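Colleague: I have a structure here, written as C-alpha cells, and I will follow up with some questions on it.
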Amino acid sequence: MAQAASAARTVILTVDDDPGVSRAVARDLRRRYGESYRIVRAESGDAALEALRELKLRGELVAVIVADYRMPQMNGIEFLEQALDVYPGARRVLLTAYADTNAAIDAINVIDLDHYLLKPWDPPEEKLYPVLDDLLEAWRASDHRSVAITKVVGHRWSARSSDVREFLARNQVPYRWYSSDEPEGRRLLTAAGQDGRRLPLVVTPDGTALVEPDDPELAAQVGLATTPAAEFYDLVVIGGGPAGLGAAVYGASEGLRTVLVERSATGGQAGQSSRIENYLGFPDGVSGAQLTDRARRQATRFGAEILTAREVSALEINGAARTVRFSDGSAIAAHSVILATGVSYRQLESPGLAELTGCGVYYGSALTEAAACSGQDVYIVGGANSAGQAAMHLARGAKSVTLLIRGESLSSSMSHYLVQQITEAPNITVRTRTVVEAAHGANHLEQLTLRDVTSGYTELVDAQWMFVFIGAAPLTDWLEGTVLRDRRGFIPAGPDMTPDGQPPKGWELDRPPYHLETNVPGVFVAGDARAESAKRVASAVGEGAMAVMLVHRYLEQS
C-alpha cells in the first residue's frame, strides 16, 4: 500500500515491486523535491492505482508518476495506461533495464510516455533530477490538463503513412496510430468524411482533419514552429543534425540571435540511430532520439529558435548580409550562416525498389517499423556503423537479421566494438560480396533477388523488411553557384581550399579563410557535409561548436 504524508501538497508517485529500489527512488525524490511535493510510494501496480483513486477523490493533484517496467501481475506500461484514466495530465516516466528500452520506445505510442530512465539512475543529479525538473516545469505550464493526442489513420503498407509516423516520432509529437481496416480507424475516417482511399488521415488535437498532409502542413498543425519570428539574425544554422544542434546550443548560449532551420526532423541520421555506444559520456550508450531531444531542449532553453519542415532553396550574398531563401519564396537574412546539412543515404537503383520504398523497403532506421519486424526475417544493406547499430537493435526481436555488404568484411567500414557485437549475435548473419539485384512484391516487399558479385550467382529469398544504409550523398545541390563544392558535392573549407597557399577564387579579404569557413566569408560548414569530415557524432558536435567560435571572430572583424 502506498505511503503518504499528511501535507496537502502536489504529489509525485513512484511504484516499484522491489522494496529496496522503491525506497531508493522515494529517498532520491524526497531529497530534491520533498519541500515542495509530497512523495507517495507504492510497491505494486494495484496499490498505486488505489492510491491514485484516493488522491483523486480528495481532489489532490499528481504531477509525475514514475513506474518500474518489470513488475509482476501488472507491468509498468499496463499500470501507466490505467493511471492515464485517473490522472491524464500527469507526466509519465518508465524505469527500465537496458534490455527493455525497446518496450519503452513502444510505450511512447501506447501511453504517450514522457520519458524513460535506465536503471541505475546514479548519480541522480545527472540522470534523474534534470529529467524530473523538465517534466515538472512542463506539467506546471500545461495547467494540469491532459496531453492532447494527434491521431493517425493509415495502412501498414502505405509509404506516406509510414513517412508521417516517422516525422511525428522524430519530432517528439505524441500520436496514436489506427489502422484503416480496424473499427476505430474506420470510425475516424467516417467522421472525417473519408472512404480510406486517400491515406493517411491525421486528426490534430483540436479536431482538424488533414488528408495526405505534406510535412510543412503537418508541422504547422501539430504545433511545430515553421515561421521565423524575425527577418534578421546574427546566425542562421541550416540543418538540425548533431553539428547543427551543437552550433545552435553554442550560438544561443553565447548571446547570438540564432535560428536553426531543419527540412524534416532534428537529429539527422544520428537521430534515427537506435543506440550510439561510442559517444563520450554515455558508457551505456544513448539512443539517437534521446540525444536529439536533449540537444533540442538545450538549444531552445538558451533561446535558439528552431524551424521544422522548412526547405532551403538558395543562399544569396547581399553585401554584408547572407540571405537564406526558402522553397516557398520567403527568406530570412543574417550576419553569418553555418551549413550543417548533413548527408542522406544513397538510393538503390535495382528494379522494384522505388515502387516498394515505404512498403517494406526503408532508407535509414525507421524505428516506427521496428516493432512490426518482431519474429520475422530482416535484411539490412550496408556495412557502416549506422547499419551495424540497426542490426543490433532489430536482432532483439527479429527471427533473423542478414547484413548484405559488397565488400569482403565489415572491419574496413565499421567500428570494432560493433563488429564484435555482430559476430557474437546468434541471429545475425553477414553475407559479404552480395548485392540486391531486384525487389519483388505487389503492395509490399515479398522477395529479394540477391547476387554474389564474385561468382554472379543469384538467389531468390523471402523478405518482408529491408533497411538500406549505403553511401552518403551531401544535401548541397541548392548551393550551386554560390558555395564551392567538390565533385561529390561535399564542401571544402579553410586549408582544404588553399592547398597551394593561395586563397580560393573570388576571395576578396586580406586574411585567409578560417578553418571551417567556405569560399564565402561568413558562411561556415560543420559536420558530415564538410569535405573530409570524420562522419562521427562527436566530431560533428565539436565542429558545430568550433564554427560558432569562428563566427564570433568573423563578426568581430566585420
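The way I read the labels, and the way they are meant: chains A, B, ... in the order of the C-alpha cells, residue 1 as the first residue of every chain, and ligand 1 as the first ligand shown, with later ones counted on from there.
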Residues at most 9 Å from region 155-165 of chain A, counting only C-alpha atoms, excluding those fewer than 2 positions away in the same chain, as a ChimeraX atom specification?
Modeller: /A:152-153,167-170,175,177-181,199-202,212-215,218,356-360,366,368-369,443-444
Colleague: Name the residues in contact with region 253-259 of chain A at a cut-off of 10 Å, using only C-alpha atoms, excluding same-chain residues fewer than 4 positions from it; report them as number ranges by chain.
Modeller: A: 228-230, 232-238, 247-249, 298-307, 332, 334, 336-337, 548-549, 551-552
Colleague: Can I get the selection written as a CSV table (one decimal), in the first residue's frame, with N, CA and C atoms?
Modeller:
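Result saved to out.csv:
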```csv
chain,number,residue,atom,x,y,z
A,228,PRO,N,9.6,31.9,-39.1
A,228,PRO,CA,10.6,32.6,-38.3
A,228,PRO,C,10.0,33.8,-37.6
A,229,ALA,N,10.5,34.1,-36.4
A,229,ALA,CA,9.9,35.2,-35.5
A,229,ALA,C,10.5,36.5,-36.0
A,230,ALA,N,11.6,36.5,-36.7
A,230,ALA,CA,12.2,37.8,-37.1
A,230,ALA,C,12.7,37.6,-38.6
A,232,PHE,N,15.8,39.1,-39.5
A,232,PHE,CA,17.3,39.2,-39.5
A,232,PHE,C,17.8,38.6,-38.2
A,233,TYR,N,18.9,37.8,-38.3
A,233,TYR,CA,19.5,37.1,-37.2
A,233,TYR,C,21.0,37.4,-37.2
A,234,ASP,N,21.7,37.1,-36.1
A,234,ASP,CA,23.1,37.0,-36.1
A,234,ASP,C,23.6,35.8,-36.8
A,235,LEU,N,22.9,34.6,-36.6
A,235,LEU,CA,23.3,33.4,-37.1
A,235,LEU,C,22.2,32.5,-37.6
A,236,VAL,N,22.3,32.0,-38.8
A,236,VAL,CA,21.3,31.0,-39.3
A,236,VAL,C,22.1,29.7,-39.4
A,237,VAL,N,21.6,28.7,-38.8
A,237,VAL,CA,22.1,27.3,-38.9
A,237,VAL,C,21.2,26.5,-39.7
A,238,ILE,N,21.8,25.9,-40.8
A,238,ILE,CA,20.9,25.2,-41.8
A,238,ILE,C,21.2,23.7,-41.6
A,247,ALA,N,25.8,23.7,-33.0
A,247,ALA,CA,26.0,25.1,-33.3
A,247,ALA,C,24.9,26.0,-32.7
A,248,ALA,N,23.7,25.5,-32.7
A,248,ALA,CA,22.6,26.2,-32.1
A,248,ALA,C,22.7,26.4,-30.6
A,249,VAL,N,23.2,25.4,-29.9
A,249,VAL,CA,23.4,25.4,-28.5
A,249,VAL,C,24.5,26.5,-28.2
A,298,GLN,N,17.9,21.8,-25.0
A,298,GLN,CA,19.0,22.6,-24.5
A,298,GLN,C,19.1,23.8,-25.4
A,299,ALA,N,19.0,23.7,-26.7
A,299,ALA,CA,19.1,24.8,-27.6
A,299,ALA,C,18.0,25.8,-27.4
A,300,THR,N,16.8,25.3,-27.2
A,300,THR,CA,15.6,26.2,-27.0
A,300,THR,C,15.7,26.9,-25.7
A,301,ARG,N,16.2,26.2,-24.7
A,301,ARG,CA,16.4,26.8,-23.3
A,301,ARG,C,17.3,28.0,-23.4
A,302,PHE,N,18.3,28.0,-24.2
A,302,PHE,CA,19.2,29.1,-24.4
A,302,PHE,C,18.7,30.2,-25.3
A,303,GLY,N,17.5,29.9,-25.9
A,303,GLY,CA,16.9,30.9,-26.7
A,303,GLY,C,17.0,30.7,-28.2
A,304,ALA,N,17.6,29.6,-28.7
A,304,ALA,CA,17.6,29.4,-30.1
A,304,ALA,C,16.2,29.1,-30.6
A,305,GLU,N,16.0,29.6,-31.8
A,305,GLU,CA,14.7,29.3,-32.5
A,305,GLU,C,14.9,28.2,-33.4
A,306,ILE,N,13.9,27.2,-33.4
A,306,ILE,CA,14.1,26.0,-34.3
A,306,ILE,C,12.9,25.9,-35.2
A,307,LEU,N,13.1,26.0,-36.5
A,307,LEU,CA,12.1,25.9,-37.5
A,307,LEU,C,12.1,24.5,-38.1
A,332,ILE,N,14.9,34.7,-45.0
A,332,ILE,CA,15.5,35.4,-43.8
A,332,ILE,C,16.9,35.7,-44.1
A,334,ALA,N,20.9,37.0,-42.3
A,334,ALA,CA,21.8,37.0,-41.1
A,334,ALA,C,23.2,37.5,-41.4
A,336,SER,N,25.7,35.8,-40.5
A,336,SER,CA,26.5,34.6,-40.7
A,336,SER,C,25.6,33.4,-40.9
A,337,VAL,N,26.2,32.4,-41.5
A,337,VAL,CA,25.5,31.1,-41.8
A,337,VAL,C,26.4,30.0,-41.5
A,548,VAL,N,30.9,28.1,-34.3
A,548,VAL,CA,30.4,29.3,-33.6
A,548,VAL,C,31.5,30.2,-33.1
A,549,MET,N,32.6,29.6,-32.6
A,549,MET,CA,33.7,30.4,-32.2
A,549,MET,C,34.3,31.2,-33.4
A,551,VAL,N,32.5,32.1,-36.0
A,551,VAL,CA,31.5,33.1,-36.3
A,551,VAL,C,31.8,34.4,-35.5
A,552,HIS,N,32.0,34.2,-34.2
A,552,HIS,CA,32.4,35.3,-33.3
A,552,HIS,C,33.6,36.1,-33.9
```
Colleague: Can you measure CA of Val64 (chain A) to CA of Leu136 (chain A) for me? One decimal in Å is fine.
Modeller: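 Separating CA of Val64 (chain A) from CA of Leu136 (chain A) is a distance of 7.1 Å.
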Colleague: Using DSSP secondary structure from the backbone, list all strand (DSSP E) positions within region 158-399 of chain A, as a ChimeraX atom specification.
Modeller: /A:175-179,201-203,209-211,232-238,258-262,305-308,312-318,321-326,331-339,343-344,361-363,377-381
Colleague: Please save C-alpha atoms of the selected residues as a CSV table (one decimal), in the first residue's frame.
Modeller:
```csv
chain,number,residue,atom,x,y,z
A,175,TYR,CA,0.4,10.4,-31.6
A,176,ARG,CA,-1.8,7.3,-31.7
A,177,TRP,CA,-1.8,5.0,-34.7
A,178,TYR,CA,-5.0,3.4,-36.1
A,179,SER,CA,-5.1,1.0,-39.0
A,201,LEU,CA,-5.7,10.8,-42.3
A,202,VAL,CA,-4.2,12.9,-39.5
A,203,VAL,CA,-6.6,14.3,-36.9
A,209,ALA,CA,-8.7,16.6,-40.2
A,210,LEU,CA,-5.7,16.5,-42.6
A,211,VAL,CA,-5.8,14.2,-45.6
A,232,PHE,CA,17.3,39.2,-39.5
A,233,TYR,CA,19.5,37.1,-37.2
A,234,ASP,CA,23.1,37.0,-36.1
A,235,LEU,CA,23.3,33.4,-37.1
A,236,VAL,CA,21.3,31.0,-39.3
A,237,VAL,CA,22.1,27.3,-38.9
A,238,ILE,CA,20.9,25.2,-41.8
A,258,THR,CA,20.2,32.1,-33.6
A,259,VAL,CA,17.7,30.3,-35.7
A,260,LEU,CA,18.1,26.7,-36.8
A,261,VAL,CA,16.3,25.6,-40.0
A,262,GLU,CA,15.6,21.9,-40.5
A,305,GLU,CA,14.7,29.3,-32.5
A,306,ILE,CA,14.1,26.0,-34.3
A,307,LEU,CA,12.1,25.9,-37.5
A,308,THR,CA,10.9,22.5,-38.8
A,312,VAL,CA,16.1,25.9,-48.0
A,313,SER,CA,16.4,26.5,-51.8
A,314,ALA,CA,19.1,29.1,-52.1
A,315,LEU,CA,21.8,31.2,-50.4
A,316,GLU,CA,22.3,34.7,-51.6
A,317,ILE,CA,25.1,37.2,-50.8
A,318,ASN,CA,23.7,40.7,-50.3
A,321,ALA,CA,24.0,40.1,-45.2
A,322,ARG,CA,23.7,36.4,-46.1
A,323,THR,CA,20.1,35.7,-47.3
A,324,VAL,CA,18.6,32.2,-46.9
A,325,ARG,CA,15.7,31.7,-49.3
A,326,PHE,CA,13.0,29.0,-48.7
A,331,ALA,CA,13.5,34.4,-46.9
A,332,ILE,CA,15.5,35.4,-43.8
A,333,ALA,CA,18.9,37.0,-43.5
A,334,ALA,CA,21.8,37.0,-41.1
A,335,HIS,CA,25.3,38.2,-40.5
A,336,SER,CA,26.5,34.6,-40.7
A,337,VAL,CA,25.5,31.1,-41.8
A,338,ILE,CA,26.6,27.7,-40.7
A,339,LEU,CA,25.9,24.9,-43.2
A,343,VAL,CA,24.1,13.7,-45.7
A,344,SER,CA,21.4,11.4,-46.9
A,361,VAL,CA,11.9,-1.1,-48.1
A,362,TYR,CA,13.2,1.8,-45.9
A,363,TYR,CA,16.2,4.1,-46.1
A,377,ASP,CA,13.5,-12.2,-41.3
A,378,VAL,CA,15.0,-8.8,-41.8
A,379,TYR,CA,17.7,-7.7,-44.4
A,380,ILE,CA,20.0,-4.8,-43.9
A,381,VAL,CA,22.1,-3.3,-46.8
```
Colleague: As a PyMOL selection string, which residues of region 12-156 of chain A does DSSP assign to alpha helix (DSSP H)?
Modeller: chain A and resi 19-33+45-57+76-86+101-111+124-127+129-141
Colleague: Choose the residue, out of A:Ala26, A:Ile149, A:Leu118, A:Leu410, that has the smallest atom-to-atom separation from Gly89 (chain A); count only C-alpha atoms.
Modeller: A:Ile149
Colleague: Set the distance at 12 Å and use only C-alpha atoms: which residues neighbour Arg30 (chain A) once local chain neighbours fewer than 3 positions away are removed? I'd like the list as a PyMOL selection string.
Modeller: chain A and resi 4-5+11-14+23-27+33-41+124+129
Colleague: Would you work out the distance separating CA of Val222 (chain A) from CA of Asn171 (chain A), expressed in Å to one decimal?
Modeller: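 Separation of CA of Val222 (chain A) and CA of Asn171 (chain A): 10.2 Å.
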Colleague: Show which residues sit within 12 Å of Gly456 (chain A), as a list in words. Count only C-alpha atoms, and ignore same-chain residues fewer than 2 positions away.
Modeller: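 So the residues in contact are Arg433, Thr434, Val435, Val436, Glu437, Thr449, Leu450, Arg451, Asp452, Val453, Thr454, Thr458 and Glu459 of chain A.
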Colleague: Write a file of the selected residues as a PDB file, in the first residue's frame, keeping C-alpha atoms.
Modeller:
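Wrote it out as result21.pdb, contents follow:
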```pdb
ATOM      1  CA  ARG A 433      30.262  -9.662 -51.674  1.00  0.00           C
ATOM      2  CA  THR A 434      26.458  -9.605 -52.031  1.00  0.00           C
ATOM      3  CA  VAL A 435      24.154  -7.008 -53.569  1.00  0.00           C
ATOM      4  CA  VAL A 436      20.409  -6.650 -54.106  1.00  0.00           C
ATOM      5  CA  GLU A 437      19.633  -7.356 -57.734  1.00  0.00           C
ATOM      6  CA  THR A 449      16.920 -11.324 -55.622  1.00  0.00           C
ATOM      7  CA  LEU A 450      20.478 -11.367 -54.249  1.00  0.00           C
ATOM      8  CA  ARG A 451      23.595 -11.586 -56.408  1.00  0.00           C
ATOM      9  CA  ASP A 452      27.109 -12.684 -55.472  1.00  0.00           C
ATOM     10  CA  VAL A 453      29.362 -10.085 -57.118  1.00  0.00           C
ATOM     11  CA  THR A 454      32.240 -12.554 -57.438  1.00  0.00           C
ATOM     12  CA  THR A 458      21.709 -15.163 -57.950  1.00  0.00           C
ATOM     13  CA  GLU A 459      19.316 -16.354 -55.254  1.00  0.00           C
TER      14      GLU A 459
END
```
Colleague: Which of these, A:Lys127, A:Gly246, A:Asn75, A:Glu81, has the shortest distance to Ala538 (chain A) once you count only C-alpha atoms?
Modeller: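 Of A:Lys127, A:Gly246, A:Asn75, A:Glu81, the one nearest Ala538 (chain A) is A:Gly246, counting only C-alpha atoms.
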Colleague: So how many Å separate CA of Gly329 (chain A) and CA of Leu475 (chain A), to one decimal?
Modeller: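 Between CA of Gly329 (chain A) and CA of Leu475 (chain A) the gap works out to 19.2 Å.
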Colleague: Excluding same-chain residues fewer than 6 positions from Pro130 (chain A), what lies within 12 Å of it counting only C-alpha atoms, as a ChimeraX atom specification?
Modeller: /A:29,32,115,117,121,123-124,136-137,294,297-298
Colleague: Let's have the selection written as a PDB file, in the first residue's frame, with N, CA, C and O atoms.
Modeller:
```pdb
ATOM      1  N   LEU A  29      13.876  11.176  -4.529  1.00  0.00           N
ATOM      2  CA  LEU A  29      12.861  12.169  -4.851  1.00  0.00           C
ATOM      3  C   LEU A  29      12.628  13.114  -3.680  1.00  0.00           C
ATOM      4  O   LEU A  29      12.491  14.330  -3.861  1.00  0.00           O
ATOM      5  N   ARG A  32      15.310  15.898  -3.206  1.00  0.00           N
ATOM      6  CA  ARG A  32      15.274  17.021  -4.126  1.00  0.00           C
ATOM      7  C   ARG A  32      13.948  17.787  -4.076  1.00  0.00           C
ATOM      8  O   ARG A  32      13.911  19.012  -4.166  1.00  0.00           O
ATOM      9  N   HIS A 115       8.991  10.075 -20.769  1.00  0.00           N
ATOM     10  CA  HIS A 115      10.428   9.810 -20.685  1.00  0.00           C
ATOM     11  C   HIS A 115      10.642   8.414 -20.121  1.00  0.00           C
ATOM     12  O   HIS A 115       9.783   7.870 -19.430  1.00  0.00           O
ATOM     13  N   LEU A 117      13.826   6.122 -18.130  1.00  0.00           N
ATOM     14  CA  LEU A 117      15.128   6.213 -17.476  1.00  0.00           C
ATOM     15  C   LEU A 117      15.705   4.820 -17.302  1.00  0.00           C
ATOM     16  O   LEU A 117      14.995   3.883 -16.920  1.00  0.00           O
ATOM     17  N   TRP A 121      19.991   4.903 -11.847  1.00  0.00           N
ATOM     18  CA  TRP A 121      19.907   6.321 -12.225  1.00  0.00           C
ATOM     19  C   TRP A 121      20.944   7.163 -11.489  1.00  0.00           C
ATOM     20  O   TRP A 121      20.841   8.375 -11.453  1.00  0.00           O
ATOM     21  N   PRO A 123      24.495   9.046 -10.910  1.00  0.00           N
ATOM     22  CA  PRO A 123      24.051   9.916  -9.817  1.00  0.00           C
ATOM     23  C   PRO A 123      22.760  10.630 -10.204  1.00  0.00           C
ATOM     24  O   PRO A 123      22.615  11.063 -11.355  1.00  0.00           O
ATOM     25  N   PRO A 124      21.808  10.764  -9.288  1.00  0.00           N
ATOM     26  CA  PRO A 124      20.526  11.389  -9.632  1.00  0.00           C
ATOM     27  C   PRO A 124      20.671  12.825 -10.099  1.00  0.00           C
ATOM     28  O   PRO A 124      19.847  13.317 -10.863  1.00  0.00           O
ATOM     29  N   LEU A 136       8.309  18.493 -14.516  1.00  0.00           N
ATOM     30  CA  LEU A 136       7.528  19.297 -13.579  1.00  0.00           C
ATOM     31  C   LEU A 136       7.254  20.692 -14.147  1.00  0.00           C
ATOM     32  O   LEU A 136       6.157  21.235 -13.990  1.00  0.00           O
ATOM     33  N   GLU A 137       8.250  21.248 -14.814  1.00  0.00           N
ATOM     34  CA  GLU A 137       8.054  22.556 -15.440  1.00  0.00           C
ATOM     35  C   GLU A 137       6.977  22.471 -16.527  1.00  0.00           C
ATOM     36  O   GLU A 137       6.101  23.345 -16.630  1.00  0.00           O
ATOM     37  N   ARG A 294      17.396  15.867 -26.004  1.00  0.00           N
ATOM     38  CA  ARG A 294      18.125  16.664 -25.017  1.00  0.00           C
ATOM     39  C   ARG A 294      18.777  17.881 -25.662  1.00  0.00           C
ATOM     40  O   ARG A 294      18.751  18.986 -25.114  1.00  0.00           O
ATOM     41  N   ARG A 297      16.079  20.518 -26.616  1.00  0.00           N
ATOM     42  CA  ARG A 297      15.593  21.235 -25.431  1.00  0.00           C
ATOM     43  C   ARG A 297      16.663  22.183 -24.902  1.00  0.00           C
ATOM     44  O   ARG A 297      16.365  23.284 -24.435  1.00  0.00           O
ATOM     45  N   GLN A 298      17.917  21.758 -24.975  1.00  0.00           N
ATOM     46  CA  GLN A 298      19.012  22.600 -24.511  1.00  0.00           C
ATOM     47  C   GLN A 298      19.126  23.850 -25.378  1.00  0.00           C
ATOM     48  O   GLN A 298      19.300  24.964 -24.867  1.00  0.00           O
TER      49      GLN A 298
END
```
Colleague: Given only C-alpha atoms as the basis, pick out the residue of A:Ala51, A:Ala463, A:Val520, A:Ala141 nearest to Glu508 (chain A).
Modeller: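 So, comparing all the options, the nearest one is A:Val520.
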Colleague: Got a sec: who's within 10 Å of region 391-404 of chain A, counting only C-alpha atoms, leaving out chain neighbours fewer than 6 positions off, as number ranges by chain?
Modeller: A: 99, 101-102, 273-275, 365, 367, 369-383, 385, 410, 418, 421-422, 425-436, 450, 465-468
Colleague: Fewer than 2 positions away in the same chain doesn't count, so skip those; otherwise give me all residues within 10 Å of Gln73 (chain A), counting only C-alpha atoms, as a PDB file with all heavy atoms, in the first residue's frame.
Modeller:
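Ended up saving to selection_20.pdb:
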```pdb
ATOM      1  N   SER A  44       3.307  -2.013  -5.829  1.00  0.00           N
ATOM      2  CA  SER A  44       2.633  -2.810  -6.865  1.00  0.00           C
ATOM      3  C   SER A  44       1.750  -1.879  -7.673  1.00  0.00           C
ATOM      4  O   SER A  44       1.357  -0.800  -7.209  1.00  0.00           O
ATOM      5  CB  SER A  44       1.789  -3.931  -6.258  1.00  0.00           C
ATOM      6  OG  SER A  44       0.606  -3.418  -5.672  1.00  0.00           O
ATOM      7  N   GLY A  45       1.420  -2.304  -8.904  1.00  0.00           N
ATOM      8  CA  GLY A  45       0.559  -1.501  -9.737  1.00  0.00           C
ATOM      9  C   GLY A  45      -0.824  -1.316  -9.132  1.00  0.00           C
ATOM     10  O   GLY A  45      -1.396  -0.227  -9.171  1.00  0.00           O
ATOM     11  N   ASP A  46      -1.385  -2.400  -8.545  1.00  0.00           N
ATOM     12  CA  ASP A  46      -2.712  -2.312  -7.937  1.00  0.00           C
ATOM     13  C   ASP A  46      -2.719  -1.322  -6.778  1.00  0.00           C
ATOM     14  O   ASP A  46      -3.652  -0.512  -6.621  1.00  0.00           O
ATOM     15  CB  ASP A  46      -3.160  -3.692  -7.440  1.00  0.00           C
ATOM     16  CG  ASP A  46      -3.548  -4.614  -8.594  1.00  0.00           C
ATOM     17  OD1 ASP A  46      -4.004  -4.095  -9.644  1.00  0.00           O
ATOM     18  OD2 ASP A  46      -3.389  -5.842  -8.448  1.00  0.00           O
ATOM     19  N   ARG A  70       9.366  -3.735 -15.116  1.00  0.00           N
ATOM     20  CA  ARG A  70       9.249  -5.164 -14.792  1.00  0.00           C
ATOM     21  C   ARG A  70       8.603  -5.354 -13.423  1.00  0.00           C
ATOM     22  O   ARG A  70       9.291  -5.403 -12.414  1.00  0.00           O
ATOM     23  CB  ARG A  70      10.619  -5.826 -14.843  1.00  0.00           C
ATOM     24  CG  ARG A  70      11.180  -5.933 -16.261  1.00  0.00           C
ATOM     25  CD  ARG A  70      12.477  -6.713 -16.273  1.00  0.00           C
ATOM     26  NE  ARG A  70      12.990  -6.853 -17.630  1.00  0.00           N
ATOM     27  CZ  ARG A  70      13.183  -8.018 -18.232  1.00  0.00           C
ATOM     28  NH1 ARG A  70      12.891  -9.133 -17.601  1.00  0.00           N
ATOM     29  NH2 ARG A  70      13.667  -8.079 -19.462  1.00  0.00           N
ATOM     30  N   MET A  71       7.269  -5.446 -13.412  1.00  0.00           N
ATOM     31  CA  MET A  71       6.543  -5.740 -12.177  1.00  0.00           C
ATOM     32  C   MET A  71       5.613  -6.919 -12.447  1.00  0.00           C
ATOM     33  O   MET A  71       5.027  -7.005 -13.536  1.00  0.00           O
ATOM     34  CB  MET A  71       5.727  -4.526 -11.709  1.00  0.00           C
ATOM     35  CG  MET A  71       6.554  -3.327 -11.283  1.00  0.00           C
ATOM     36  SD  MET A  71       5.551  -2.045 -10.479  1.00  0.00           S
ATOM     37  CE  MET A  71       4.497  -1.525 -11.833  1.00  0.00           C
ATOM     38  N   ASN A  75       2.658  -4.941 -15.420  1.00  0.00           N
ATOM     39  CA  ASN A  75       3.931  -4.265 -15.665  1.00  0.00           C
ATOM     40  C   ASN A  75       3.741  -2.755 -15.711  1.00  0.00           C
ATOM     41  O   ASN A  75       2.616  -2.237 -15.656  1.00  0.00           O
ATOM     42  CB  ASN A  75       4.614  -4.787 -16.937  1.00  0.00           C
ATOM     43  CG  ASN A  75       3.879  -4.432 -18.215  1.00  0.00           C
ATOM     44  OD1 ASN A  75       3.284  -3.374 -18.346  1.00  0.00           O
ATOM     45  ND2 ASN A  75       3.930  -5.340 -19.191  1.00  0.00           N
ATOM     46  N   GLU A  78       1.375  -1.319 -18.450  1.00  0.00           N
ATOM     47  CA  GLU A  78      -0.030  -1.599 -18.153  1.00  0.00           C
ATOM     48  C   GLU A  78      -0.545  -0.697 -17.035  1.00  0.00           C
ATOM     49  O   GLU A  78      -1.668  -0.183 -17.089  1.00  0.00           O
ATOM     50  CB  GLU A  78      -0.195  -3.072 -17.775  1.00  0.00           C
ATOM     51  CG  GLU A  78       0.094  -4.020 -18.943  1.00  0.00           C
ATOM     52  CD  GLU A  78       0.237  -5.461 -18.491  1.00  0.00           C
ATOM     53  OE1 GLU A  78       0.487  -5.681 -17.288  1.00  0.00           O
ATOM     54  OE2 GLU A  78       0.110  -6.363 -19.335  1.00  0.00           O
ATOM     55  N   PHE A  79       0.297  -0.497 -16.024  1.00  0.00           N
ATOM     56  CA  PHE A  79      -0.114   0.385 -14.919  1.00  0.00           C
ATOM     57  C   PHE A  79      -0.300   1.818 -15.398  1.00  0.00           C
ATOM     58  O   PHE A  79      -1.306   2.472 -15.087  1.00  0.00           O
ATOM     59  CB  PHE A  79       0.926   0.331 -13.797  1.00  0.00           C
ATOM     60  CG  PHE A  79       0.872   1.524 -12.881  1.00  0.00           C
ATOM     61  CD1 PHE A  79      -0.173   1.686 -11.983  1.00  0.00           C
ATOM     62  CD2 PHE A  79       1.845   2.517 -12.958  1.00  0.00           C
ATOM     63  CE1 PHE A  79      -0.240   2.803 -11.162  1.00  0.00           C
ATOM     64  CE2 PHE A  79       1.779   3.627 -12.153  1.00  0.00           C
ATOM     65  CZ  PHE A  79       0.737   3.776 -11.255  1.00  0.00           C
TER      66      PHE A  79
END
```
Colleague: Could you check which of A:Leu135, A:Leu128, A:Gly244, A:Gly364 is closest to Ala526 (chain A), using only C-alpha atoms?
Modeller: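 Among A:Leu135, A:Leu128, A:Gly244, A:Gly364, it is A:Gly244 that comes nearest to Ala526 (chain A).
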Colleague: Tell me which of A:Asp28, A:Asp500, A:Arg553, A:Arg91 sits closest to Asp122 (chain A), counting only C-alpha atoms.
Modeller: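 Comparing A:Asp28, A:Asp500, A:Arg553, A:Arg91 against Asp122 (chain A), the winner is A:Asp28.
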Colleague: Check the smallest atom-to-atom distance from each of A:Gly506, A:Gly154, A:Gly285, A:Gly501 to Leu188 (chain A) using only C-alpha atoms, then report the winner.
Modeller: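 Among A:Gly506, A:Gly154, A:Gly285, A:Gly501, it is A:Gly154 that comes nearest to Leu188 (chain A).
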